[in-house]
Each structure stands twice: as structure tokens, then as C-alpha cells.
Amino acid sequence: MSHDIQVVDCTVADAPRRFCDSLRDTGFAVLTRHPIPASLVQGIYAEWLDFFDSPARLAYPFDPRRQDGHFAPQVAETAKGHTRRDLKEYFHVYPWGRYPAEVSDAARRYHDLAQSLAAELLGWVEAGSPETVRAAYSMPLPDMIQGSRQTLLRVLRYPPLQGDEPPDALRAAAHEDINLLTVLPAASDTGLQVRGLDGRWRDVPCDFGSLVINTGDMLQEASGGHFPSTTHRVVNPQGAARQRSRLSLPLFLHPRPDVRLSARHTAGSYLDERLRELGVI
Ligand SMILES: O=C(O)CCC(=O)C(=O)O
Ligand SMILES: [Fe+2]
């Protein structure tokens, strides 16, 4: 078993196996030569940075019931088990939700592309699950997301650091994702780290243009722990990067709420429990 995240060329014949091995051993895999154009991601970062810097963002305050819209730094989540809010703001895009008139439809197009890719990757995970693990899935994994309205694109902006942040506050404190799989294009700057199953923190190897995939708690739950949902964080930069915003674009793949993950949880009951812990509902 390797604690190093594998970088997998999507076009090679054994890509699905290498992808699954990396997810099983580290909770993460990095994809190259994947179908999401880097220029699309670059364009989204540029236009959304302008949006976050403009007063227009204030017209879309987040709705606690629907969970769409803009989460200002003062309402951004506090990671489970932490007391400091993360140093970030973000906008939650759902296909049915509010969407800023001030930006192009690029983030919506990215949502659709990333969701189709994620469905294919769930097929890889299904095929790469050992027989006993697969037998316990309540349905094939790609079917769990069919018709789901819960899959969420988070356009994230970590503001430049002012120097007056609480000393123990991070851009994103150590946490696990709640969902099945997360699709995360390399961010506009470094900072993403994962804690290996050996307890050591490592940088996620994500050159601009590559795509990071990680396991969330729901896949961990459904697979009885075969695919671990590993802890990750975004550390504060040093030097000149402190003056720069960092943009990133995770797509959190969610099943329909009625989907049974395990004997104790449906996707709906699991999500409610976690959002309550995060203090956002
Ligand atoms: O910004 C990143 O690179 C990671 C963000 C993340 O882990 C999250 O929002 O759950
Ligand atoms: Fe995360």
C-alpha cells in the first residue's frame, strides 16, 4: 500500500484500476488528460473573482433552507470539531438555484461536465469494489445520483490575508467531505493538503490543469470503510501568495435523499446530521 496519491492519466487502459487503488489507499486521486478544459476553469476563476470583489455578491445572500447563494466570510462554515470559522467565502450553485447575472454560464457548464465525469468515475469505483463491498451497495453507485438535485458546485474564494486573522484560523481547517465523491480542479494557488492514513500531512500534487478526486463520508459509509474519506485542509500561504486570493471549484456529488447508504443511514438522514454539526441549518 502506498500513502502517495497517484497521478492517473485517464486515457491509459488501466486508469480505472489505478484510480481505485489510489482512492482506497489515500482517499484521493489526481487525474490528467481528463475531459474538463483548463481554459474553462481559468475563465471561471477570473470572472468570479471580479464578482466576489463587487457589491453584486450582496444581492444573493445564502438561504439556510435551500443552501444556495453567497456565504460571506462571516457565515462561512466552521469545520466539524473546530471553533474558528474558515477564512473563505463561497457561492453554492445548484442547477435549480440562484445564479449571478453578473457572470457567464461557464460555471453552470462546468457543473454539468464535472457531474457527467463523476458519474463515469462512480462506475469505475463500482467495478473496482471487491465483491463483498459491492454486494452491500443498495444499488449500483452511478444509479444513486440519477435525478439527484443535491449535487452542489461550490465556487470558493479565499481572500488575501490581512494579517489580523486569529493565529489558529486556516483557509480551510481539517475536515472530511460529506458527499460520495468530490471533483476538484487544481486551484489557482497551492495550499491543499491531505492527512495520510499514516497520520502525516502531504501536499496534494495538483499542477494547474489536473483534476483532484476525493472520497467523501457517504462513499466511506456505503463501502463499509473500504474507500476511506480522508482528512484534508487548505493551509495559509507564506510570502507573496498571502496578498493573492485563492479560487477553487469543488463539485460535491450527492445521491438522492432517499438512497440507502447503509443499515443506519439514507443520504438524506446523513446530510441533515452533518449540516447540523456544521451549524449551517
Ligand atoms: O479549496 C480547496 O482546494 C479544497 C476545498 C475543500 O476541501 C472543500 O471545500 O471541501
Ligand atoms: Fe473538502
# chains A, B, ... in the order shown; residues from 1 in each chain; ligands from 1
call {"tool": "closest_atom_pairs", "arguments": {"of": "range 3-70 of chain A", "to": "range 180-187 of chain A", "cutoff": "10 Å", "atoms": "only C-alpha atoms", "output": "CSV"}}
result
residue,atom,partner,partner_atom,distance
A:Gly27,CA,A:Leu181,CA,9.8
A:Phe28,CA,A:Thr182,CA,9.4
A:Val30,CA,A:Pro185,CA,9.3
A:Leu31,CA,A:Pro185,CA,9.4
A:Ile36,CA,A:Pro185,CA,8.6
A:Pro37,CA,A:Pro185,CA,9.9
A:Ala38,CA,A:Pro185,CA,8.4
A:Val41,CA,A:Pro185,CA,7.5
A:Gln42,CA,A:Ala187,CA,9.4
A:Tyr45,CA,A:Ala187,CA,8.8
call {"tool": "residues_near_ligand", "arguments": {"ligand": "ligand 2", "cutoff": "9 Å", "atoms": "only C-alpha atoms and all ligand atoms", "output": "number ranges by chain"}}
result
A: 172, 174-178, 182, 214, 216, 231-234, 250, 252
call {"tool": "write_last_selection", "arguments": {"atoms": "N, CA and C atoms", "output": "PDB file, in the first residue's frame"}}
result
ATOM      1  N   ALA A 172      -8.976  26.622   5.130  1.00  0.00           N
ATOM      2  CA  ALA A 172      -9.959  25.553   5.371  1.00  0.00           C
ATOM      3  C   ALA A 172      -9.361  24.612   6.408  1.00  0.00           C
ATOM      4  N   ALA A 174      -8.950  21.390   8.917  1.00  0.00           N
ATOM      5  CA  ALA A 174      -9.004  19.956   8.626  1.00  0.00           C
ATOM      6  C   ALA A 174     -10.438  19.443   8.688  1.00  0.00           C
ATOM      7  N   HIS A 175     -10.851  18.755   7.637  1.00  0.00           N
ATOM      8  CA  HIS A 175     -12.230  18.257   7.565  1.00  0.00           C
ATOM      9  C   HIS A 175     -12.304  17.085   6.588  1.00  0.00           C
ATOM     10  N   GLU A 176     -13.448  16.429   6.596  1.00  0.00           N
ATOM     11  CA  GLU A 176     -13.755  15.424   5.581  1.00  0.00           C
ATOM     12  C   GLU A 176     -14.968  15.930   4.805  1.00  0.00           C
ATOM     13  N   ASP A 177     -15.083  15.537   3.539  1.00  0.00           N
ATOM     14  CA  ASP A 177     -16.255  15.931   2.759  1.00  0.00           C
ATOM     15  C   ASP A 177     -17.413  14.981   3.095  1.00  0.00           C
ATOM     16  N   ILE A 178     -18.635  15.487   2.957  1.00  0.00           N
ATOM     17  CA  ILE A 178     -19.807  14.725   3.392  1.00  0.00           C
ATOM     18  C   ILE A 178     -20.292  13.755   2.308  1.00  0.00           C
ATOM     19  N   THR A 182     -15.865  13.965  -4.541  1.00  0.00           N
ATOM     20  CA  THR A 182     -15.670  15.383  -4.846  1.00  0.00           C
ATOM     21  C   THR A 182     -14.759  15.503  -6.063  1.00  0.00           C
ATOM     22  N   ASN A 214     -11.705  13.169  -4.653  1.00  0.00           N
ATOM     23  CA  ASN A 214     -11.577  12.544  -3.338  1.00  0.00           C
ATOM     24  C   ASN A 214     -12.879  11.910  -2.879  1.00  0.00           C
ATOM     25  N   GLY A 216     -15.783  11.029  -0.252  1.00  0.00           N
ATOM     26  CA  GLY A 216     -16.466  11.671   0.862  1.00  0.00           C
ATOM     27  C   GLY A 216     -17.016  10.639   1.837  1.00  0.00           C
ATOM     28  N   THR A 231      -8.963  13.091   5.745  1.00  0.00           N
ATOM     29  CA  THR A 231      -8.992  14.461   6.245  1.00  0.00           C
ATOM     30  C   THR A 231      -8.093  15.339   5.386  1.00  0.00           C
ATOM     31  N   HIS A 232      -8.598  16.516   5.018  1.00  0.00           N
ATOM     32  CA  HIS A 232      -7.777  17.439   4.230  1.00  0.00           C
ATOM     33  C   HIS A 232      -7.999  18.867   4.720  1.00  0.00           C
ATOM     34  N   ARG A 233      -7.156  19.774   4.261  1.00  0.00           N
ATOM     35  CA  ARG A 233      -7.227  21.166   4.714  1.00  0.00           C
ATOM     36  C   ARG A 233      -6.574  22.056   3.671  1.00  0.00           C
ATOM     37  N   VAL A 234      -6.810  23.362   3.805  1.00  0.00           N
ATOM     38  CA  VAL A 234      -6.103  24.337   2.957  1.00  0.00           C
ATOM     39  C   VAL A 234      -5.329  25.250   3.893  1.00  0.00           C
ATOM     40  N   PRO A 250     -14.845  23.068  -6.032  1.00  0.00           N
ATOM     41  CA  PRO A 250     -15.260  21.682  -5.802  1.00  0.00           C
ATOM     42  C   PRO A 250     -16.701  21.404  -6.208  1.00  0.00           C
ATOM     43  N   PHE A 252     -19.488  18.715  -5.316  1.00  0.00           N
ATOM     44  CA  PHE A 252     -19.784  17.681  -4.320  1.00  0.00           C
ATOM     45  C   PHE A 252     -20.932  16.823  -4.842  1.00  0.00           C
TER      46      PHE A 252
END
call {"tool": "atom_distance", "arguments": {"atom1": "CA of Ala29 in chain A", "atom2": "atom 1 (O, counted along the ligand's line) of ligand 1"}}
result
15.5 Å
call {"tool": "residues_around", "arguments": {"residues": "range 117-124 of chain A", "least_positions_apart": "4", "cutoff": "8 Å", "atoms": "only C-alpha atoms", "output": "number ranges by chain"}}
result
A: 16-17, 20, 35, 113, 128, 141-142, 145, 181, 183, 253
call {"tool": "select_by_dssp", "arguments": {"residues": "range 116-157 of chain A", "states": "helix (DSSP H, G or I)", "output": "list in words"}}
result
Ser116, Leu117, Ala118, Ala119, Glu120, Leu121, Leu122, Gly123, Trp124, Val125, Glu126, Ala127, Glu131, Thr132, Val133, Arg134, Ala135, Ala136, Leu141, Pro142, Asp143 and Met144 of chain A
call {"tool": "write_last_selection", "arguments": {"atoms": "C-alpha atoms", "output": "PDB file, in the first residue's frame"}}
result
ATOM      1  CA  SER A 116     -21.056  13.589 -16.099  1.00  0.00           C
ATOM      2  CA  LEU A 117     -17.429  12.776 -15.398  1.00  0.00           C
ATOM      3  CA  ALA A 118     -18.259  11.953 -11.783  1.00  0.00           C
ATOM      4  CA  ALA A 119     -20.976   9.528 -12.909  1.00  0.00           C
ATOM      5  CA  GLU A 120     -18.379   7.741 -15.040  1.00  0.00           C
ATOM      6  CA  LEU A 121     -15.923   7.675 -12.138  1.00  0.00           C
ATOM      7  CA  LEU A 122     -18.590   6.158  -9.876  1.00  0.00           C
ATOM      8  CA  GLY A 123     -18.791   3.381 -12.470  1.00  0.00           C
ATOM      9  CA  TRP A 124     -15.025   2.888 -12.055  1.00  0.00           C
ATOM     10  CA  VAL A 125     -15.468   2.732  -8.276  1.00  0.00           C
ATOM     11  CA  GLU A 126     -18.326   0.241  -8.604  1.00  0.00           C
ATOM     12  CA  ALA A 127     -16.249  -2.010 -10.875  1.00  0.00           C
ATOM     13  CA  GLU A 131     -17.201  -8.454  -4.367  1.00  0.00           C
ATOM     14  CA  THR A 132     -18.227  -8.270  -0.690  1.00  0.00           C
ATOM     15  CA  VAL A 133     -18.190  -4.465  -0.725  1.00  0.00           C
ATOM     16  CA  ARG A 134     -20.186  -4.276  -3.952  1.00  0.00           C
ATOM     17  CA  ALA A 135     -22.767  -6.731  -2.635  1.00  0.00           C
ATOM     18  CA  ALA A 136     -23.586  -4.319   0.198  1.00  0.00           C
ATOM     19  CA  LEU A 141     -23.253   3.550  -7.363  1.00  0.00           C
ATOM     20  CA  PRO A 142     -23.961   5.503 -10.605  1.00  0.00           C
ATOM     21  CA  ASP A 143     -27.712   4.927 -10.018  1.00  0.00           C
ATOM     22  CA  MET A 144     -27.500   6.671  -6.621  1.00  0.00           C
TER      23      MET A 144
END
call {"tool": "select_by_dssp", "arguments": {"residues": "range 23-194 of chain A", "states": "strand (DSSP E or B)", "output": "PyMOL selection string"}}
result
chain A and resi 28-32+61+69-71+89-93+152-158+172-175+181-185+192-194
call {"tool": "write_last_selection", "arguments": {"atoms": "C-alpha atoms", "output": "compact mmCIF listing (two decimals), in the first residue's frame"}}
result
# COMPACT_ATOMS: atom_id res chain seq x y z
CA PHE A 28 -7.57 10.92 -3.18
CA ALA A 29 -6.53 10.51 -6.83
CA VAL A 30 -5.30 13.10 -9.33
CA LEU A 31 -6.40 12.82 -12.98
CA THR A 32 -4.61 14.15 -16.05
CA PRO A 61 -27.28 36.05 0.48
CA GLY A 69 -26.34 31.64 -2.85
CA HIS A 70 -23.41 33.55 -1.35
CA PHE A 71 -21.89 32.62 2.00
CA GLU A 89 -16.36 32.92 1.16
CA TYR A 90 -18.26 30.92 -1.43
CA PHE A 91 -21.27 30.68 -3.68
CA HIS A 92 -23.32 27.49 -3.91
CA VAL A 93 -24.56 26.75 -7.42
CA LEU A 152 -23.55 21.09 -5.50
CA LEU A 153 -20.91 23.27 -7.11
CA ARG A 154 -19.09 25.49 -4.63
CA VAL A 155 -17.26 28.45 -6.15
CA LEU A 156 -14.74 29.27 -3.43
CA ARG A 157 -12.73 32.39 -2.83
CA TYR A 158 -10.12 32.57 -0.08
CA ALA A 172 -9.96 25.55 5.37
CA ALA A 173 -9.48 23.72 8.66
CA ALA A 174 -9.00 19.96 8.63
CA HIS A 175 -12.23 18.26 7.56
CA LEU A 181 -17.13 11.88 -4.41
CA THR A 182 -15.67 15.38 -4.85
CA VAL A 183 -14.34 16.66 -8.18
CA LEU A 184 -11.86 19.48 -7.63
CA PRO A 185 -9.87 21.13 -10.41
CA LEU A 192 -4.34 21.80 -0.33
CA GLN A 193 -3.01 19.09 1.96
CA VAL A 194 -4.26 15.62 2.90
call {"tool": "closest_residue", "arguments": {"among": "A:Gly163, A:Gly81, A:Gly97, A:Gly147", "to": "Arg256 in chain A", "atoms": "only C-alpha atoms"}}
result
A:Gly147
call {"tool": "residues_around", "arguments": {"residues": "Glu47 in chain A", "least_positions_apart": "3", "cutoff": "10 Å", "atoms": "only C-alpha atoms", "output": "PyMOL selection string"}}
result
chain A and resi 42-44+50-52+102-104+106-107
call {"tool": "write_last_selection", "arguments": {"atoms": "N, CA and C atoms", "output": "mmCIF file, in the first residue's frame"}}
result
data_model
loop_
_atom_site.group_PDB
_atom_site.id
_atom_site.type_symbol
_atom_site.label_atom_id
_atom_site.label_comp_id
_atom_site.auth_asym_id
_atom_site.auth_seq_id
_atom_site.Cartn_x
_atom_site.Cartn_y
_atom_site.Cartn_z
ATOM 1 N N GLN A 42 -10.073 28.265 -15.797
ATOM 2 C CA GLN A 42 -9.371 29.552 -15.707
ATOM 3 C C GLN A 42 -10.346 30.726 -15.869
ATOM 4 N N GLY A 43 -11.250 30.592 -16.845
ATOM 5 C CA GLY A 43 -12.230 31.655 -17.099
ATOM 6 C C GLY A 43 -13.164 31.845 -15.908
ATOM 7 N N ILE A 44 -13.566 30.741 -15.275
ATOM 8 C CA ILE A 44 -14.456 30.823 -14.110
ATOM 9 C C ILE A 44 -13.731 31.531 -12.963
ATOM 10 N N ASP A 50 -13.856 38.709 -9.876
ATOM 11 C CA ASP A 50 -14.468 40.044 -10.037
ATOM 12 C C ASP A 50 -15.804 40.109 -9.302
ATOM 13 N N PHE A 51 -16.583 39.038 -9.419
ATOM 14 C CA PHE A 51 -17.895 39.009 -8.759
ATOM 15 C C PHE A 51 -17.739 39.116 -7.235
ATOM 16 N N PHE A 52 -16.813 38.329 -6.666
ATOM 17 C CA PHE A 52 -16.620 38.368 -5.203
ATOM 18 C C PHE A 52 -16.107 39.727 -4.752
ATOM 19 N N GLU A 102 -24.248 38.484 -13.127
ATOM 20 C CA GLU A 102 -23.016 39.213 -13.455
ATOM 21 C C GLU A 102 -21.939 38.331 -14.078
ATOM 22 N N VAL A 103 -22.120 36.986 -14.060
ATOM 23 C CA VAL A 103 -21.102 36.097 -14.642
ATOM 24 C C VAL A 103 -21.713 35.316 -15.814
ATOM 25 N N SER A 104 -20.839 34.745 -16.645
ATOM 26 C CA SER A 104 -21.325 33.957 -17.789
ATOM 27 C C SER A 104 -21.859 32.608 -17.289
ATOM 28 N N ALA A 106 -20.486 29.859 -17.616
ATOM 29 C CA ALA A 106 -19.372 28.902 -17.590
ATOM 30 C C ALA A 106 -19.441 27.971 -16.371
ATOM 31 N N ALA A 107 -19.797 28.500 -15.204
ATOM 32 C CA ALA A 107 -19.825 27.648 -14.004
ATOM 33 C C ALA A 107 -20.946 26.620 -14.111
#
call {"tool": "residues_around", "arguments": {"residues": "Arg18 in chain A", "least_positions_apart": "6", "cutoff": "10 Å", "atoms": "only C-alpha atoms", "output": "ChimeraX atom specification"}}
result
/A:6-10,12,24,29,128
call {"tool": "closest_residue", "arguments": {"among": "A:Leu278, A:Val212, A:Leu49, A:Val259", "to": "ligand 1", "atoms": "only C-alpha atoms and all ligand atoms"}}
result
A:Val212
call {"tool": "atom_distance", "arguments": {"atom1": "CA of Leu23 in chain A", "atom2": "CA of Ile5 in chain A"}}
result
8.1 Å
call {"tool": "residues_around", "arguments": {"residues": "Ser2 in chain A", "least_positions_apart": "2", "cutoff": "10 Å", "atoms": "only C-alpha atoms", "output": "ChimeraX atom specification"}}
result
/A:4-6,21-22,24-26,196-197
call {"tool": "write_last_selection", "arguments": {"atoms": "C-alpha atoms", "output": "PDB file, in the first residue's frame"}}
result
ATOM      1  CA  ASP A   4       1.250   8.679  -2.047  1.00  0.00           C
ATOM      2  CA  ILE A   5      -1.658   9.978  -4.079  1.00  0.00           C
ATOM      3  CA  GLN A   6      -1.431   8.551  -7.611  1.00  0.00           C
ATOM      4  CA  ASP A  21      -6.201   1.829  -5.763  1.00  0.00           C
ATOM      5  CA  SER A  22      -5.297   5.446  -5.035  1.00  0.00           C
ATOM      6  CA  ARG A  24      -8.565   3.065  -1.422  1.00  0.00           C
ATOM      7  CA  ASP A  25      -5.071   3.860  -0.094  1.00  0.00           C
ATOM      8  CA  THR A  26      -5.226   7.653   0.258  1.00  0.00           C
ATOM      9  CA  GLY A 196      -2.456  10.105   5.017  1.00  0.00           C
ATOM     10  CA  LEU A 197      -3.738   7.009   6.772  1.00  0.00           C
TER      11      LEU A 197
END
call {"tool": "closest_residue", "arguments": {"among": "A:Gln162, A:Ser188, A:Ser210, A:Ser223", "to": "Pro140 in chain A", "atoms": "only C-alpha atoms"}}
result
A:Ser223
call {"tool": "closest_residue", "arguments": {"among": "A:Ala72, A:Asp168, A:Leu251, A:Thr266", "to": "Arg108 in chain A", "atoms": "only C-alpha atoms"}}
result
A:Leu251
call {"tool": "atom_distance", "arguments": {"atom1": "CA of Ser262 in chain A", "atom2": "CA of Phe19 in chain A"}}
result
23.8 Å
